[in-house]
$ cat target-v3.cif   # mmCIF, C-alpha atoms, pLDDT in the B column; chains and numbers go by the auth columns
data_model
loop_
_atom_site.group_PDB
_atom_site.id
_atom_site.type_symbol
_atom_site.label_atom_id
_atom_site.label_comp_id
_atom_site.label_asym_id
_atom_site.label_seq_id
_atom_site.Cartn_x
_atom_site.Cartn_y
_atom_site.Cartn_z
_atom_site.B_iso_or_equiv
_atom_site.auth_seq_id
_atom_site.auth_asym_id
ATOM 1 C CA MET A 1 4.078 127.622 89.165 58.00 1 C
ATOM 2 C CA ASP A 2 5.889 130.905 89.877 71.00 2 C
ATOM 3 C CA SER A 3 8.866 129.026 91.306 76.00 3 C
ATOM 4 C CA GLU A 4 9.099 126.935 88.122 73.00 4 C
ATOM 5 C CA LEU A 5 9.046 130.102 86.009 70.00 5 C
ATOM 6 C CA ALA A 6 11.727 131.716 88.157 75.00 6 C
ATOM 7 C CA ALA A 7 13.890 128.589 87.941 76.00 7 C
ATOM 8 C CA ALA A 8 13.487 128.452 84.144 78.00 8 C
ATOM 9 C CA SER A 9 14.325 132.146 83.697 84.00 9 C
ATOM 10 C CA GLN A 10 17.761 131.516 85.255 88.00 10 C
ATOM 11 C CA TRP A 11 18.578 129.526 82.117 91.00 11 C
ATOM 12 C CA ALA A 12 17.609 132.293 79.660 93.00 12 C
ATOM 13 C CA THR A 13 20.159 134.732 78.230 94.00 13 C
ATOM 14 C CA GLU A 14 19.556 137.887 76.191 96.00 14 C
ATOM 15 C CA SER A 15 20.999 137.051 72.789 96.00 15 C
ATOM 16 C CA ASN A 16 22.028 140.639 71.935 97.00 16 C
ATOM 17 C CA ALA A 17 24.287 140.690 74.996 96.00 17 C
ATOM 18 C CA ALA A 18 25.600 137.137 74.528 97.00 18 C
ATOM 19 C CA VAL A 19 26.667 137.543 70.878 97.00 19 C
ATOM 20 C CA PHE A 20 29.941 139.428 70.312 95.00 20 C
ATOM 21 C CA ILE A 21 31.169 140.177 66.777 94.00 21 C
ATOM 22 C CA ARG A 22 34.754 141.073 65.855 91.00 22 C
ATOM 23 C CA LEU A 23 35.889 142.251 62.407 91.00 23 C
ATOM 24 C CA ILE A 24 39.648 141.799 62.066 88.00 24 C
ATOM 25 C CA SER A 25 41.942 143.249 59.410 87.00 25 C
ATOM 26 C CA GLY A 26 45.715 143.202 59.201 76.00 26 C
ATOM 27 C CA GLU A 27 48.646 143.502 56.836 70.00 27 C
ATOM 28 C CA THR A 28 49.623 139.848 57.149 71.00 28 C
ATOM 29 C CA GLU A 29 47.732 136.597 57.550 68.00 29 C
ATOM 30 C CA SER A 30 49.657 135.731 60.711 72.00 30 C
ATOM 31 C CA GLY A 31 48.628 139.011 62.355 75.00 31 C
ATOM 32 C CA VAL A 32 44.967 138.325 61.567 74.00 32 C
ATOM 33 C CA VAL A 33 45.173 134.717 62.781 71.00 33 C
ATOM 34 C CA GLN A 34 46.764 135.780 66.059 75.00 34 C
ATOM 35 C CA ALA A 35 44.073 138.436 66.590 75.00 35 C
ATOM 36 C CA MET A 36 41.356 135.847 65.913 71.00 36 C
ATOM 37 C CA ASP A 37 42.844 133.537 68.539 70.00 37 C
ATOM 38 C CA SER A 38 43.093 136.283 71.162 71.00 38 C
ATOM 39 C CA GLU A 39 40.307 137.917 73.125 65.00 39 C
ATOM 40 C CA GLU A 40 41.859 141.390 73.046 58.00 40 C
ATOM 41 C CA GLY A 41 41.773 143.904 70.195 50.00 41 C
ATOM 42 C CA ASP A 42 44.675 145.574 68.326 48.00 42 C
ATOM 43 C CA GLU A 43 47.153 142.745 68.949 48.00 43 C
ATOM 44 C CA GLU A 44 50.784 142.630 67.833 51.00 44 C
ATOM 45 C CA ASN A 45 52.763 139.416 67.546 43.00 45 C
ATOM 46 C CA GLU A 46 56.508 138.923 68.064 46.00 46 C
ATOM 47 C CA GLU A 47 57.327 140.135 64.546 46.00 47 C
ATOM 48 C CA GLY A 48 55.394 143.388 65.077 42.00 48 C
ATOM 49 C CA GLU A 49 52.578 142.311 62.756 59.00 49 C
ATOM 50 C CA GLY A 50 49.409 143.797 64.167 72.00 50 C
ATOM 51 C CA ALA A 51 45.738 143.693 63.340 81.00 51 C
ATOM 52 C CA ASP A 52 42.958 146.254 63.600 86.00 52 C
ATOM 53 C CA VAL A 53 39.885 144.990 65.387 87.00 53 C
ATOM 54 C CA ILE A 54 36.344 146.378 65.436 90.00 54 C
ATOM 55 C CA GLU A 55 34.236 144.827 68.208 91.00 55 C
ATOM 56 C CA PHE A 56 30.496 145.151 68.872 95.00 56 C
ATOM 57 C CA HIS A 57 27.314 143.451 70.033 97.00 57 C
ATOM 58 C CA PRO A 58 24.561 143.221 67.406 96.00 58 C
ATOM 59 C CA GLU A 59 21.612 145.634 67.581 96.00 59 C
ATOM 60 C CA PHE A 60 19.126 142.801 67.110 95.00 60 C
ATOM 61 C CA THR A 61 19.172 139.008 66.827 95.00 61 C
ATOM 62 C CA TYR A 62 15.482 138.156 66.404 95.00 62 C
ATOM 63 C CA PRO A 63 15.928 136.644 62.895 95.00 63 C
ATOM 64 C CA ILE A 64 18.134 133.972 64.475 94.00 64 C
ATOM 65 C CA TYR A 65 16.872 133.603 68.057 93.00 65 C
ATOM 66 C CA GLY A 66 13.232 134.630 67.725 94.00 66 C
ATOM 67 C CA GLU A 67 11.117 137.635 68.574 96.00 67 C
ATOM 68 C CA HIS A 68 12.058 137.654 72.262 94.00 68 C
ATOM 69 C CA GLU A 69 15.806 137.478 71.478 96.00 69 C
ATOM 70 C CA ARG A 70 16.458 134.947 74.249 95.00 70 C
ATOM 71 C CA ILE A 71 18.635 131.824 74.283 95.00 71 C
ATOM 72 C CA PHE A 72 17.514 129.117 76.676 93.00 72 C
ATOM 73 C CA GLY A 73 19.568 126.372 78.300 93.00 73 C
ATOM 74 C CA TYR A 74 22.816 128.117 79.303 94.00 74 C
ATOM 75 C CA LYS A 75 24.247 130.164 82.155 94.00 75 C
ATOM 76 C CA GLY A 76 27.124 132.575 81.539 95.00 76 C
ATOM 77 C CA LEU A 77 26.723 132.278 77.760 96.00 77 C
ATOM 78 C CA SER A 78 29.127 134.059 75.410 96.00 78 C
ATOM 79 C CA ILE A 79 29.024 133.571 71.620 96.00 79 C
ATOM 80 C CA ASN A 80 32.029 135.050 69.798 93.00 80 C
ATOM 81 C CA LEU A 81 32.000 135.486 66.018 93.00 81 C
ATOM 82 C CA ASN A 82 35.337 136.613 64.563 90.00 82 C
ATOM 83 C CA TYR A 83 35.619 137.499 60.865 90.00 83 C
ATOM 84 C CA ALA A 84 38.774 138.225 58.888 87.00 84 C
ATOM 85 C CA ALA A 85 37.994 141.371 56.875 82.00 85 C
ATOM 86 C CA GLY A 86 39.691 140.302 53.638 79.00 86 C
ATOM 87 C CA SER A 87 38.787 136.638 53.281 82.00 87 C
ATOM 88 C CA LEU A 88 35.769 136.546 55.637 83.00 88 C
ATOM 89 C CA ALA A 89 37.318 133.482 57.274 84.00 89 C
ATOM 90 C CA THR A 90 35.310 132.800 60.413 89.00 90 C
ATOM 91 C CA TYR A 91 36.350 131.758 63.897 88.00 91 C
ATOM 92 C CA PHE A 92 33.360 130.752 66.031 90.00 92 C
ATOM 93 C CA ASN A 93 33.614 130.189 69.778 92.00 93 C
ATOM 94 C CA ILE A 94 30.972 129.469 72.424 95.00 94 C
ATOM 95 C CA LYS A 95 31.651 129.669 76.156 95.00 95 C
ATOM 96 C CA TYR A 96 29.301 129.040 79.058 96.00 96 C
ATOM 97 C CA THR A 97 29.538 128.287 82.757 96.00 97 C
ATOM 98 C CA LYS A 98 26.707 125.762 82.858 94.00 98 C
ATOM 99 C CA ARG A 99 24.426 123.998 80.368 93.00 99 C
ATOM 100 C CA ILE A 100 21.202 122.047 80.794 89.00 100 C
ATOM 101 C CA GLU A 101 22.076 118.500 79.803 84.00 101 C
ATOM 102 C CA GLN A 102 18.595 117.064 79.511 71.00 102 C
ATOM 103 C CA MET A 103 15.149 118.612 79.637 63.00 103 C
ATOM 104 C CA GLU A 104 12.332 116.830 81.376 63.00 104 C
ATOM 105 C CA SER A 105 9.068 117.033 79.505 58.00 105 C
ATOM 106 C CA THR A 106 5.819 117.447 81.361 58.00 106 C
ATOM 107 C CA SER A 107 2.428 116.703 79.933 55.00 107 C
ATOM 108 C CA ALA A 108 -0.486 119.001 80.630 50.00 108 C
#
$ encode --input "target-v3.cif" --output "structure tokens"
Amino acid sequence: MDSELAAASQWATESNAAVFIRLISGETESGVVQAMDSEEGDEENEEGEGADVIEFHPEFTYPIYGEHERIFGYKGLSINLNYAAGSLATYFNIKYTKRIEQMESTSA
């Protein structure tokens, strides 16, 4: 039973660490769009149009992922939420190295 628990815990990720929020503001729409597409903050495009980026992990995620703040079924999970400060347009991206394709159910 302990080996099953250890194997299952490999597929659990702390949601506070996996979720990454970016608030992006800029003088032009193209600067904001480019910053949303990139993974680095304070970007400038070819025309010199930059964007200011505030990046952080949330303090808590239990309202979404439950009291234990764990996400099950992924390894190397990264959830990126990018918001444009003016319009609140959202760019949502999920990355992971491995995902459980199908769960086997066991009956007690």
$ closest_residue --input "target-v3.cif" --among "C:Gly86, C:Asn16, C:Gly73, C:Ala51" --to "Ser30 of chain C" --atoms "all atoms listed in the file"
C:Ala51
$ closest_residue --input "target-v3.cif" --among "C:Val53, C:Ile24, C:Leu5, C:Ile94" --to "Ile79 of chain C" --atoms "only C-alpha atoms"
C:Ile94
$ resolve_selection --input "target-v3.cif" --expression "the PyMOL selection byres ((chain C and resi 71) around 8)" --output "VMD selection string"
chain C and resid 12 to 15 65 69 to 70 72 to 74
$ closest_residue --input "target-v3.cif" --among "C:Leu77, C:Ala8, C:Ala17, C:Met36" --to "Phe92 of chain C" --atoms "only C-alpha atoms"
C:Met36
$ closest_residue --input "target-v3.cif" --among "C:Ile100, C:Ala84, C:Lys75, C:Gly66" --to "Gly31 of chain C" --atoms "all atoms listed in the file"
C:Ala84
$ resolve_selection --input "target-v3.cif" --expression "the PyMOL selection byres ((chain C and resi 88) around 12)" --output "VMD selection string"
chain C and resid 22 to 25 32 to 33 36 81 to 87 89 to 91
$ atom_distance --input "target-v3.cif" --atom1 "atom CA of Ser78 of chain C" --atom2 "atom CA of Ser9 of chain C"
17.1 Å
$ axis_aligned_box --input "target-v3.cif" --around "segment 72-83 of chain C" --padding-each-side "8 Å" --output "JSON"
{"center_x": 26.6, "center_y": 131.9, "center_z": 71.5, "size_x": 34.1, "size_y": 27.1, "size_z": 37.3}
$ atom_distance --input "target-v3.cif" --atom1 "atom CA of Ala6 of chain C" --atom2 "atom CA of Glu67 of chain C"
20.5 Å
$ residues_near_point --input "target-v3.cif" --point "(31.6, 129.8, 78.9)" --cutoff "6 Å" --atoms "all atoms listed in the file" --output "PDB file with C-alpha atoms, keeping the file's coordinate frame"
ATOM      1  CA  GLY C  76      27.124 132.575  81.539  1.00 95.00           C
ATOM      2  CA  LEU C  77      26.723 132.278  77.760  1.00 96.00           C
ATOM      3  CA  LYS C  95      31.651 129.669  76.156  1.00 95.00           C
ATOM      4  CA  TYR C  96      29.301 129.040  79.058  1.00 96.00           C
ATOM      5  CA  THR C  97      29.538 128.287  82.757  1.00 96.00           C
TER       6      THR C  97
END
$ atom_distance --input "target-v3.cif" --atom1 "atom CA of Gly50 of chain C" --atom2 "atom CA of Asn93 of chain C"
21.6 Å
